[in-house]
file query14.cif (mmCIF, C-alpha atoms and all ligand atoms)
data_model
#
loop_
_atom_site.label_atom_id
_atom_site.label_comp_id
_atom_site.auth_asym_id
_atom_site.auth_seq_id
_atom_site.Cartn_x
_atom_site.Cartn_y
_atom_site.Cartn_z
CA MET A 987 127.64 124.99 147.57
CA CYS A 988 125.50 125.20 144.44
CA SER A 989 123.02 128.03 144.27
CA PHE A 990 119.82 125.99 143.98
CA LEU A 991 120.69 123.72 146.86
CA SER A 992 121.41 126.58 149.25
CA LYS A 993 118.23 128.42 148.17
CA TYR A 994 116.26 125.21 148.50
CA LEU A 995 117.46 124.60 152.01
CA ARG A 996 116.65 128.18 153.02
CA SER A 997 113.20 128.20 151.44
CA LYS A 998 110.46 126.66 153.51
CA THR A 999 107.83 127.19 150.79
CA SER A 1000 109.66 124.95 148.36
CA THR A 1001 108.81 121.89 150.45
CA LEU A 1002 105.06 122.36 149.93
CA PRO A 1003 104.71 120.96 146.42
CA LEU A 1004 107.12 118.16 147.28
CA GLN A 1005 104.81 116.98 150.02
CA LEU A 1006 101.82 117.32 147.75
CA GLN A 1007 103.44 115.10 145.22
CA GLY A 1008 103.21 112.09 147.44
CA GLY A 1009 99.67 112.75 148.53
CA GLY A 1010 98.23 109.60 147.07
CA ALA A 1011 98.46 110.72 143.47
CA GLY A 1012 100.96 108.12 142.39
CA VAL A 1013 98.50 105.45 141.32
CA ALA A 1014 97.69 105.04 137.68
CA GLY A 1015 94.10 106.07 137.10
CA ASP A 1016 93.99 108.76 139.83
CA PHE A 1017 94.87 111.10 137.03
CA ASN A 1018 91.25 110.97 135.90
CA SER A 1019 89.86 112.49 139.06
CA PRO A 1020 88.59 116.04 138.44
CA ILE A 1021 89.03 116.83 142.16
CA LEU A 1022 92.64 115.73 141.97
CA HIS A 1023 93.20 117.87 138.92
CA LYS A 1024 91.70 120.91 140.57
CA ASN A 1025 93.18 120.57 144.04
CA LEU A 1026 96.43 118.74 143.55
CA MET A 1027 97.58 118.47 139.98
CA MET A 1028 97.29 122.15 139.13
CA PRO A 1029 99.47 123.54 141.92
CA LEU A 1030 101.78 120.56 141.51
CA ARG A 1031 102.41 121.31 137.85
CA GLN A 1032 103.60 124.80 138.72
CA PHE A 1033 106.45 123.44 140.83
CA CYS A 1034 107.13 119.87 139.98
CA LYS A 1035 108.20 118.56 136.61
CA LEU A 1036 107.35 114.92 137.18
CA PRO A 1037 103.99 113.75 135.87
CA ILE A 1038 102.21 111.29 138.12
CA GLY A 1039 100.04 108.49 136.83
CA VAL A 1040 98.56 107.68 133.46
CA SER A 1041 94.96 107.26 132.41
CA ILE A 1042 93.47 103.80 132.11
CA GLU A 1043 93.01 104.52 128.38
CA GLU A 1044 96.72 105.11 127.93
CA LEU A 1045 97.59 101.95 129.85
CA LEU A 1046 95.20 99.90 127.73
CA ARG A 1047 96.51 101.45 124.53
CA GLU A 1048 100.01 100.33 125.46
CA GLY A 1049 98.82 96.89 126.57
CA LEU A 1050 99.96 97.47 130.15
CA GLN A 1051 98.41 96.54 133.48
CA PRO A 1052 98.92 98.86 136.48
CA GLU A 1053 99.14 95.97 138.94
CA LEU A 1054 102.02 94.40 136.98
CA MET A 1055 104.24 97.50 136.92
CA PRO A 1056 107.78 96.87 138.17
CA LYS A 1057 108.28 98.52 141.55
CA HIS A 1058 112.03 99.05 141.06
CA VAL A 1059 113.53 99.76 137.65
CA ALA A 1060 117.34 99.79 137.45
CA ILE A 1061 119.16 101.43 134.57
CA ILE A 1062 122.69 101.01 133.29
CA PRO A 1063 122.98 104.19 131.20
CA ASP A 1064 125.60 102.97 128.77
CA GLY A 1065 126.70 104.59 125.50
CA ASN A 1066 127.02 108.33 126.23
CA ARG A 1067 130.59 108.44 124.91
CA ARG A 1068 129.84 106.41 121.79
CA TRP A 1069 126.84 108.63 121.08
CA ALA A 1070 129.11 111.69 121.26
CA LYS A 1071 131.88 110.11 119.20
CA GLU A 1072 129.48 109.19 116.41
CA ARG A 1073 128.54 112.87 116.22
CA GLY A 1074 132.06 114.24 116.44
CA LEU A 1075 131.35 115.61 119.93
CA THR A 1076 133.36 115.44 123.14
CA PRO A 1077 132.55 112.75 125.76
CA GLU A 1078 131.34 115.57 128.03
CA LYS A 1079 128.61 116.43 125.51
CA GLY A 1080 127.59 112.77 125.51
CA HIS A 1081 127.23 112.79 129.29
CA GLU A 1082 125.20 116.01 129.12
CA ALA A 1083 122.84 114.32 126.67
CA GLY A 1084 122.70 111.32 129.03
CA LYS A 1085 121.77 113.57 131.95
CA LYS A 1086 118.77 114.86 130.05
CA VAL A 1087 117.63 111.33 129.20
CA LEU A 1088 118.08 110.21 132.81
CA GLY A 1089 115.76 113.06 133.84
CA ASP A 1090 113.30 111.92 131.16
CA LEU A 1091 113.52 108.39 132.52
CA CYS A 1092 112.54 109.65 135.98
CA ARG A 1093 109.52 111.33 134.38
CA TYR A 1094 108.53 108.09 132.63
CA CYS A 1095 108.93 106.08 135.85
CA SER A 1096 106.84 108.53 137.85
CA LYS A 1097 104.20 108.69 135.12
CA TRP A 1098 103.90 104.94 134.63
CA GLY A 1099 103.75 104.08 138.31
CA VAL A 1100 107.26 102.80 139.09
CA LYS A 1101 108.22 103.44 142.73
CA VAL A 1102 112.02 103.29 142.61
CA VAL A 1103 114.47 104.06 139.81
CA SER A 1104 118.13 103.29 140.41
CA ALA A 1105 120.87 104.43 138.06
CA TYR A 1106 124.39 103.05 137.83
CA ALA A 1107 126.05 106.44 137.56
CA PHE A 1108 129.68 105.66 138.38
CA SER A 1109 131.18 102.29 139.20
CA THR A 1110 134.11 101.42 141.46
CA GLU A 1111 135.94 100.58 138.21
CA ASN A 1112 135.09 103.83 136.38
CA TRP A 1113 137.98 105.66 138.10
CA SER A 1114 140.22 104.09 135.47
CA ARG A 1115 138.53 106.10 132.70
CA PRO A 1116 140.54 108.98 131.18
CA LYS A 1117 141.51 111.50 133.87
CA GLY A 1118 139.80 114.43 132.13
CA GLU A 1119 136.48 112.56 132.00
CA VAL A 1120 136.66 111.54 135.66
CA THR A 1121 137.52 115.11 136.71
CA PHE A 1122 134.62 116.47 134.67
CA LEU A 1123 132.17 113.99 136.22
CA MET A 1124 133.38 114.49 139.78
CA THR A 1125 133.89 118.24 139.82
CA SER A 1126 131.02 119.47 137.69
CA TYR A 1127 128.66 116.91 136.18
CA PHE A 1128 127.29 115.04 139.18
CA GLU A 1129 126.89 118.23 141.19
CA ARG A 1130 124.78 119.77 138.42
CA LEU A 1131 122.83 116.55 137.96
CA ILE A 1132 121.93 116.40 141.65
CA GLU A 1133 121.03 120.08 141.75
CA GLU A 1134 118.77 119.68 138.72
CA PHE A 1135 117.14 116.45 139.91
CA MET A 1136 116.31 117.96 143.31
CA ARG A 1137 113.84 120.21 141.50
CA TYR A 1138 111.79 117.18 140.47
CA GLY A 1139 110.52 116.63 144.01
CA MET A 1140 111.80 113.05 144.22
CA LYS A 1141 113.26 111.38 147.25
CA MET A 1142 116.97 111.05 146.45
CA SER A 1143 119.47 108.55 147.84
CA PHE A 1144 122.96 107.48 146.95
CA ILE A 1145 124.63 104.13 147.29
CA GLY A 1146 128.33 103.43 146.97
CA ASP A 1147 131.55 103.84 148.89
CA ARG A 1148 131.76 107.34 150.38
CA SER A 1149 134.70 106.49 152.61
CA ASN A 1150 137.26 107.68 150.08
CA ARG A 1151 137.50 109.37 146.68
CA LEU A 1152 134.05 110.99 146.65
CA ASN A 1153 135.34 113.81 148.88
CA SER A 1154 134.21 116.72 146.72
CA LEU A 1155 130.65 115.37 146.48
CA LYS A 1156 130.12 113.92 149.94
CA GLU A 1157 128.51 116.97 151.55
CA MET A 1158 126.23 117.52 148.59
CA LEU A 1159 125.05 113.89 148.66
CA ARG A 1160 124.26 114.20 152.35
CA LEU A 1161 122.34 117.46 151.88
CA ALA A 1162 120.39 116.15 148.90
CA GLU A 1163 119.37 113.07 150.90
CA GLU A 1164 118.50 115.08 153.98
CA SER A 1165 116.42 117.68 152.18
CA THR A 1166 114.47 115.21 150.03
CA LYS A 1167 113.98 112.43 152.58
CA ASP A 1168 110.32 113.25 153.24
CA ASN A 1169 109.31 113.33 149.58
CA THR A 1170 106.96 110.46 148.94
CA GLY A 1171 106.85 110.33 145.15
CA LEU A 1172 109.40 108.51 143.04
CA HIS A 1173 112.54 107.36 144.87
CA PHE A 1174 115.65 108.07 142.78
CA VAL A 1175 118.77 106.15 143.78
CA ALA A 1176 122.11 106.96 142.17
CA ALA A 1177 124.94 104.47 142.50
CA LEU A 1178 128.18 106.45 142.78
CA ASN A 1179 131.52 104.73 143.36
CA TYR A 1180 129.34 101.63 143.64
CA GLY A 1181 129.92 98.04 142.67
CA GLY A 1182 128.05 94.85 143.51
CA ARG A 1183 131.28 93.33 144.81
CA TYR A 1184 131.90 96.39 147.01
CA ASP A 1185 128.37 96.07 148.45
CA ILE A 1186 128.76 92.37 149.24
CA THR A 1187 132.24 93.00 150.70
CA GLN A 1188 131.05 95.77 153.03
CA ALA A 1189 128.11 93.61 154.16
CA THR A 1190 130.50 90.71 154.80
CA LYS A 1191 132.80 92.91 156.91
CA THR A 1192 129.88 94.15 159.02
CA ILE A 1193 128.65 90.60 159.59
CA ALA A 1194 132.16 89.34 160.40
CA SER A 1195 132.66 92.05 162.99
CA LYS A 1196 129.30 91.22 164.58
CA VAL A 1197 130.39 87.57 164.85
CA LYS A 1198 133.75 88.67 166.28
CA ASP A 1199 132.03 90.85 168.88
CA GLY A 1200 129.65 88.04 169.80
CA VAL A 1201 126.57 90.04 168.67
CA ILE A 1202 125.57 87.14 166.40
CA GLN A 1203 126.72 83.53 165.96
CA LEU A 1204 128.16 81.99 162.81
CA GLU A 1205 124.97 79.90 162.53
CA ASP A 1206 122.89 83.10 162.32
CA ILE A 1207 124.34 84.00 158.92
CA ASN A 1208 121.83 83.39 156.16
CA ASP A 1209 120.41 85.06 153.02
CA LYS A 1210 118.18 87.34 155.05
CA LEU A 1211 121.01 88.60 157.24
CA ILE A 1212 123.21 89.33 154.22
CA ASP A 1213 120.24 91.08 152.57
CA GLN A 1214 119.89 93.34 155.59
CA GLU A 1215 123.50 94.47 155.45
CA LEU A 1216 123.49 95.49 151.77
CA GLU A 1217 123.37 99.23 151.18
CA THR A 1218 120.25 98.96 149.06
CA ASN A 1219 118.29 97.19 151.77
CA LYS A 1220 119.04 99.91 154.27
CA ILE A 1221 117.52 102.69 152.19
CA ILE A 1222 115.18 101.33 149.51
CA GLU A 1223 111.70 99.99 150.14
CA TYR A 1224 112.00 97.70 147.11
CA PRO A 1225 115.73 96.87 147.18
CA ASN A 1226 115.80 94.23 144.46
CA PRO A 1227 115.28 95.58 140.93
CA ASP A 1228 112.30 93.95 139.21
CA LEU A 1229 113.54 95.16 135.83
CA LEU A 1230 117.07 96.06 134.74
CA ILE A 1231 117.45 98.01 131.50
CA ARG A 1232 120.87 98.35 129.87
CA THR A 1233 121.34 100.46 126.78
CA SER A 1234 123.99 100.34 124.02
CA GLY A 1235 123.75 96.67 123.12
CA GLU A 1236 126.19 95.37 125.75
CA LEU A 1237 124.82 92.17 127.28
CA ARG A 1238 126.31 92.30 130.77
CA ILE A 1239 125.65 93.77 134.19
CA SER A 1240 129.19 95.13 134.80
CA ASN A 1241 129.24 94.61 138.58
CA TYR A 1242 125.90 96.32 139.29
CA MET A 1243 123.83 95.03 142.28
CA LEU A 1244 125.12 91.47 141.89
CA TRP A 1245 123.17 90.03 144.82
CA GLN A 1246 120.02 92.09 144.29
CA LEU A 1247 119.70 91.19 140.59
CA ALA A 1248 119.41 87.45 141.31
CA TYR A 1249 115.82 87.26 140.03
CA SER A 1250 115.50 90.53 138.14
CA GLU A 1251 114.19 90.56 134.59
CA LEU A 1252 116.86 91.84 132.20
CA TYR A 1253 116.12 94.02 129.19
CA PHE A 1254 118.81 95.08 126.73
CA VAL A 1255 118.35 97.87 124.19
CA ASP A 1256 120.67 98.41 121.22
CA LYS A 1257 120.15 102.18 121.27
CA LEU A 1258 122.77 104.30 123.01
CA PHE A 1259 121.58 105.87 126.26
CA PRO A 1260 121.05 109.42 124.87
CA GLN A 1261 118.72 107.88 122.26
CA LEU A 1262 116.43 106.13 124.76
CA ASP A 1263 112.89 107.50 124.57
CA GLU A 1264 109.51 106.83 126.12
CA ASP A 1265 108.57 104.27 123.46
CA ASP A 1266 111.67 102.23 124.41
CA PHE A 1267 110.75 102.49 128.07
CA VAL A 1268 107.17 101.39 127.43
CA ALA A 1269 108.47 98.50 125.30
CA ALA A 1270 110.63 97.44 128.26
CA LEU A 1271 107.58 97.60 130.57
CA ARG A 1272 105.56 95.56 128.09
CA SER A 1273 108.28 92.95 127.84
CA PHE A 1274 108.51 92.83 131.65
CA GLN A 1275 104.77 92.33 132.02
CA GLN A 1276 104.86 89.43 129.58
CA ARG A 1277 107.55 87.55 131.52
CA GLN A 1278 106.70 84.69 133.82
CA ARG A 1279 108.64 85.21 137.04
CA ARG A 1280 109.16 81.92 138.81
CA TYR A 1281 111.97 82.63 141.30
CA GLY A 1282 113.19 79.08 140.83
CA GLY A 1283 109.77 77.54 141.39
CA HIS A 1284 107.99 75.26 138.95
CA LYS A 1285 106.04 76.45 135.94
CA ILE A 1286 102.32 76.43 136.73
C1 LIG A 1301 123.57 109.38 132.77
C2 LIG A 1301 124.69 109.28 133.72
C3 LIG A 1301 124.43 109.41 135.15
C4 LIG A 1301 125.93 109.08 133.22
C5 LIG A 1301 127.13 109.06 134.02
C6 LIG A 1301 128.23 108.70 133.11
C7 LIG A 1301 128.78 107.34 133.38
C8 LIG A 1301 130.10 107.29 134.03
C9 LIG A 1301 128.12 106.25 133.03
C10 LIG A 1301 128.64 104.89 133.29
C11 LIG A 1301 127.52 103.97 133.60
C12 LIG A 1301 128.04 102.64 133.95
C13 LIG A 1301 128.56 102.42 135.32
C14 LIG A 1301 128.03 101.68 133.01
C15 LIG A 1301 128.55 100.33 133.25
O1 LIG A 1301 129.40 100.04 132.24
P1 LIG A 1301 130.99 100.24 132.32
O2 LIG A 1301 131.40 101.02 131.13
O3 LIG A 1301 131.38 100.79 133.66
O4 LIG A 1301 131.49 98.73 132.28
P2 LIG A 1301 131.89 97.83 131.03
O5 LIG A 1301 133.33 98.15 130.79
O6 LIG A 1301 131.63 96.43 131.49
O7 LIG A 1301 131.01 98.21 129.86
#

call {"tool": "encode", "arguments": {"input": "query14.cif", "output": "structure tokens"}}
result
Amino acid sequence: MCSFLSKYLRSKTSTLPLQLQGGGAGVAGDFNSPILHKNLMMPLRQFCKLPIGVSIEELLREGLQPELMPKHVAIIPDGNRRWAKERGLTPEKGHEAGKKVLGDLCRYCSKWGVKVVSAYAFSTENWSRPKGEVTFLMTSYFERLIEEFMRYGMKMSFIGDRSNRLNSLKEMLRLAEESTKDNTGLHFVAALNYGGRYDITQATKTIASKVKDGVIQLEDINDKLIDQELETNKIIEYPNPDLLIRTSGELRISNYMLWQLAYSELYFVDKLFPQLDEDDFVAALRSFQQRQRRYGGHKI
């Protein structure tokens, strides 16, 4: 097991700042409180890398309203390999650069008041990528990413099929979830061996077996019941992304959260993922806040 994770699990003191992080400091504007600075923010900064909240001045400067922040931001971090290729680097270097930017994205989400960030880290189709890349991701990259992200004090969860192929990571995913489950700051969800079709299929199988066993009737099947059986709905307080950001100029969702994205606002950035910065993130928030979400209802 990785060194940080084993130390983390042994160390009782390391849970203290993680609990502090969720102590009501996640609301934009709280940042201004001198008491908060003295009693919470100072000790927090020593342990936790995620900033929490922005000042009202900063929100106004960016033309943002705290009450209109998306609760769940989903990211398709596309373009790591192209970024590396353009620089004559290996794909592995591109993924390393992407890992840093994903960490930055967590910081932005925590700072700007987003509650959940989900990242499409490896799809059910990504196994068909070159063998060397898949081996690198599965035997080194994701383990280091999880180890590093656990230091941020976020609650961490993973969605995706763990029944096969994720063998080398399974125990680590379980431990990361177990040891961060009481953190009340940002909720980071990584989709690993995940696909929207997989999620709908596993929900369908569960529902079918309940009908077969007589636990429910065919007539009981509706949107709400399907919702309940999706992986996201079992672990995320805000299961449906409000805002989906995809980098690299591709205009598709590539089998991510197909059901959950039904009424999400989509935002596409031409930049490759390792180039995404806070200005791009704030531009996505601004665009989101200017949208009129109607959920199929009439324009007022
Ligand atoms: C930062 C981070 C965690 C990186 C992990 C590296 C990695 C494997 C990223 C892939 C992200 C993904 C599932 C993109 C979807 O496009 P696609 O390429 O699967 O589908 P497409 O062929 O439709 O573009």

call {"tool": "residues_near_ligand", "arguments": {"input": "query14.cif", "ligand": "ligand LIG 1301 (chain A)", "cutoff": "6 Å", "atoms": "all atoms listed in the file", "output": "PyMOL selection string"}}
result
chain A and resi 1062-1064+1081+1084-1085+1088+1106-1109+1112+1240

call {"tool": "residues_around", "arguments": {"input": "query14.cif", "residues": "His1173 in chain A", "least_positions_apart": "4", "cutoff": "9 Å", "atoms": "only C-alpha atoms", "output": "list in words"}}
result
Lys1101, Val1102, Val1103, Ser1104, Met1140, Lys1141, Met1142, Ser1143, Asn1169 and Ile1222 of chain A

call {"tool": "closest_residue", "arguments": {"input": "query14.cif", "among": "A:Asn1241, A:Gln1188, A:Ser1273, A:Thr1125", "to": "Thr1110 in chain A", "atoms": "only C-alpha atoms"}}
result
A:Asn1241

call {"tool": "atom_distance", "arguments": {"input": "query14.cif", "atom1": "CA of Val1040 in chain A", "atom2": "CA of Glu1053 in chain A"}}
result
12.9 Å

call {"tool": "residues_around", "arguments": {"input": "query14.cif", "residues": "Phe1267 in chain A", "least_positions_apart": "4", "cutoff": "9 Å", "atoms": "all atoms listed in the file", "output": "list in words"}}
result
Leu1091, Tyr1094, Cys1095, Ile1231, Leu1262, Asp1263, Leu1271 and Arg1272 of chain A

call {"tool": "closest_residue", "arguments": {"input": "query14.cif", "among": "A:Ile1193, A:Ala1270, A:Leu1229, A:Ile1132", "to": "Arg1160 in chain A", "atoms": "all atoms listed in the file"}}
result
A:Ile1132

call {"tool": "atom_distance", "arguments": {"input": "query14.cif", "atom1": "CA of Tyr1242 in chain A", "atom2": "CA of Gly1181 in chain A"}}
result
5.5 Å

call {"tool": "residues_around", "arguments": {"input": "query14.cif", "residues": "Glu1236 in chain A", "least_positions_apart": "3", "cutoff": "12 Å", "atoms": "only C-alpha atoms", "output": "PDB file with C-alpha atoms, in the frame of the given file"}}
result
ATOM      1  CA  ILE A1062     122.690 101.010 133.290  1.00  0.00           C
ATOM      2  CA  PRO A1063     122.980 104.190 131.200  1.00  0.00           C
ATOM      3  CA  ASP A1064     125.600 102.970 128.770  1.00  0.00           C
ATOM      4  CA  GLY A1065     126.700 104.590 125.500  1.00  0.00           C
ATOM      5  CA  ILE A1231     117.450  98.010 131.500  1.00  0.00           C
ATOM      6  CA  ARG A1232     120.870  98.350 129.870  1.00  0.00           C
ATOM      7  CA  THR A1233     121.340 100.460 126.780  1.00  0.00           C
ATOM      8  CA  ILE A1239     125.650  93.770 134.190  1.00  0.00           C
ATOM      9  CA  SER A1240     129.190  95.130 134.800  1.00  0.00           C
ATOM     10  CA  LEU A1252     116.860  91.840 132.200  1.00  0.00           C
ATOM     11  CA  TYR A1253     116.120  94.020 129.190  1.00  0.00           C
ATOM     12  CA  PHE A1254     118.810  95.080 126.730  1.00  0.00           C
ATOM     13  CA  VAL A1255     118.350  97.870 124.190  1.00  0.00           C
ATOM     14  CA  ASP A1256     120.670  98.410 121.220  1.00  0.00           C
ATOM     15  CA  LYS A1257     120.150 102.180 121.270  1.00  0.00           C
ATOM     16  CA  LEU A1258     122.770 104.300 123.010  1.00  0.00           C
ATOM     17  CA  PHE A1259     121.580 105.870 126.260  1.00  0.00           C
TER      18      PHE A1259
END

call {"tool": "atom_distance", "arguments": {"input": "query14.cif", "atom1": "CA of Lys1167 in chain A", "atom2": "CA of Tyr1180 in chain A"}}
result
20.8 Å

call {"tool": "closest_residue", "arguments": {"input": "query14.cif", "among": "A:Val1175, A:Ile1221, A:Leu1054, A:Met1136", "to": "Gln1278 in chain A", "atoms": "only C-alpha atoms"}}
result
A:Leu1054

call {"tool": "closest_residue", "arguments": {"input": "query14.cif", "among": "A:Leu1172, A:Leu1211, A:Met1243, A:Val1100", "to": "Tyr1184 in chain A", "atoms": "all atoms listed in the file"}}
result
A:Met1243

call {"tool": "closest_atom_pairs", "arguments": {"input": "query14.cif", "of": "range 1209-1268 of chain A", "to": "range 1055-1060 of chain A", "cutoff": "6 Å", "atoms": "all atoms listed in the file", "output": "JSON lines"}}
result
{"residue": "A:Pro1227", "atom": "CA", "partner": "A:His1058", "partner_atom": "CA", "distance": 4.8}
{"residue": "A:Asp1228", "atom": "CA", "partner": "A:His1058", "partner_atom": "CA", "distance": 5.4}
{"residue": "A:Leu1229", "atom": "CA", "partner": "A:Val1059", "partner_atom": "CA", "distance": 4.9}
{"residue": "A:Leu1230", "atom": "CA", "partner": "A:Ala1060", "partner_atom": "CA", "distance": 4.6}

call {"tool": "closest_residue", "arguments": {"input": "query14.cif", "among": "A:Asn1219, A:Ala1176, A:Leu1131, A:Ile1061", "to": "Ala1083 in chain A", "atoms": "only C-alpha atoms"}}
result
A:Leu1131

call {"tool": "residues_around", "arguments": {"input": "query14.cif", "residues": "Arg1151 in chain A", "least_positions_apart": "4", "cutoff": "10 Å", "atoms": "only C-alpha atoms", "output": "ChimeraX atom specification"}}
result
/A:1113,1124,1147,1155-1156,1179

call {"tool": "build_atoms", "arguments": {"input": "query14.cif", "residues": "range 1099-1107 of chain A", "atoms": "all heavy atoms", "output": "PDB file, keeping the file's coordinate frame"}}
result
ATOM      1  N   GLY A1099     104.052 104.729 137.040  1.00  0.00           N
ATOM      2  CA  GLY A1099     103.750 104.080 138.310  1.00  0.00           C
ATOM      3  C   GLY A1099     104.865 103.248 138.915  1.00  0.00           C
ATOM      4  O   GLY A1099     104.624 102.418 139.794  1.00  0.00           O
ATOM      5  N   VAL A1100     106.101 103.482 138.472  1.00  0.00           N
ATOM      6  CA  VAL A1100     107.260 102.800 139.090  1.00  0.00           C
ATOM      7  C   VAL A1100     107.569 103.536 140.398  1.00  0.00           C
ATOM      8  O   VAL A1100     107.409 104.748 140.481  1.00  0.00           O
ATOM      9  CB  VAL A1100     108.470 102.857 138.111  1.00  0.00           C
ATOM     10  CG1 VAL A1100     109.747 102.388 138.766  1.00  0.00           C
ATOM     11  CG2 VAL A1100     108.158 102.048 136.849  1.00  0.00           C
ATOM     12  N   LYS A1101     107.972 102.807 141.421  1.00  0.00           N
ATOM     13  CA  LYS A1101     108.220 103.440 142.730  1.00  0.00           C
ATOM     14  C   LYS A1101     109.681 103.853 142.929  1.00  0.00           C
ATOM     15  O   LYS A1101     109.963 104.843 143.606  1.00  0.00           O
ATOM     16  CB  LYS A1101     107.843 102.475 143.873  1.00  0.00           C
ATOM     17  CG  LYS A1101     106.435 101.920 143.793  1.00  0.00           C
ATOM     18  CD  LYS A1101     105.429 102.998 144.069  1.00  0.00           C
ATOM     19  CE  LYS A1101     104.013 102.444 144.019  1.00  0.00           C
ATOM     20  NZ  LYS A1101     103.045 103.502 143.730  1.00  0.00           N
ATOM     21  N   VAL A1102     110.588 103.044 142.405  1.00  0.00           N
ATOM     22  CA  VAL A1102     112.020 103.290 142.610  1.00  0.00           C
ATOM     23  C   VAL A1102     112.742 103.210 141.266  1.00  0.00           C
ATOM     24  O   VAL A1102     112.515 102.260 140.503  1.00  0.00           O
ATOM     25  CB  VAL A1102     112.654 102.221 143.542  1.00  0.00           C
ATOM     26  CG1 VAL A1102     114.156 102.462 143.722  1.00  0.00           C
ATOM     27  CG2 VAL A1102     111.955 102.160 144.881  1.00  0.00           C
ATOM     28  N   VAL A1103     113.593 104.196 140.980  1.00  0.00           N
ATOM     29  CA  VAL A1103     114.470 104.060 139.810  1.00  0.00           C
ATOM     30  C   VAL A1103     115.903 104.194 140.321  1.00  0.00           C
ATOM     31  O   VAL A1103     116.234 105.136 141.034  1.00  0.00           O
ATOM     32  CB  VAL A1103     114.140 105.075 138.693  1.00  0.00           C
ATOM     33  CG1 VAL A1103     114.191 106.507 139.172  1.00  0.00           C
ATOM     34  CG2 VAL A1103     115.070 104.891 137.502  1.00  0.00           C
ATOM     35  N   SER A1104     116.717 103.190 140.010  1.00  0.00           N
ATOM     36  CA  SER A1104     118.130 103.290 140.410  1.00  0.00           C
ATOM     37  C   SER A1104     118.991 103.367 139.160  1.00  0.00           C
ATOM     38  O   SER A1104     118.723 102.698 138.163  1.00  0.00           O
ATOM     39  CB  SER A1104     118.534 102.118 141.306  1.00  0.00           C
ATOM     40  OG  SER A1104     118.600 100.916 140.574  1.00  0.00           O
ATOM     41  N   ALA A1105     120.000 104.229 139.223  1.00  0.00           N
ATOM     42  CA  ALA A1105     120.870 104.430 138.060  1.00  0.00           C
ATOM     43  C   ALA A1105     122.314 104.157 138.437  1.00  0.00           C
ATOM     44  O   ALA A1105     122.800 104.660 139.454  1.00  0.00           O
ATOM     45  CB  ALA A1105     120.728 105.868 137.555  1.00  0.00           C
ATOM     46  N   TYR A1106     122.969 103.359 137.611  1.00  0.00           N
ATOM     47  CA  TYR A1106     124.390 103.050 137.830  1.00  0.00           C
ATOM     48  C   TYR A1106     125.168 104.218 137.230  1.00  0.00           C
ATOM     49  O   TYR A1106     125.449 104.253 136.036  1.00  0.00           O
ATOM     50  CB  TYR A1106     124.699 101.751 137.081  1.00  0.00           C
ATOM     51  CG  TYR A1106     125.935 100.999 137.516  1.00  0.00           C
ATOM     52  CD1 TYR A1106     126.619 101.308 138.683  1.00  0.00           C
ATOM     53  CD2 TYR A1106     126.403  99.938 136.743  1.00  0.00           C
ATOM     54  CE1 TYR A1106     127.738 100.582 139.066  1.00  0.00           C
ATOM     55  CE2 TYR A1106     127.516  99.197 137.117  1.00  0.00           C
ATOM     56  CZ  TYR A1106     128.173  99.532 138.294  1.00  0.00           C
ATOM     57  OH  TYR A1106     129.278  98.801 138.673  1.00  0.00           O
ATOM     58  N   ALA A1107     125.488 105.192 138.075  1.00  0.00           N
ATOM     59  CA  ALA A1107     126.050 106.440 137.560  1.00  0.00           C
ATOM     60  C   ALA A1107     127.570 106.427 137.480  1.00  0.00           C
ATOM     61  O   ALA A1107     128.152 107.088 136.619  1.00  0.00           O
ATOM     62  CB  ALA A1107     125.579 107.610 138.418  1.00  0.00           C
TER      63      ALA A1107
END
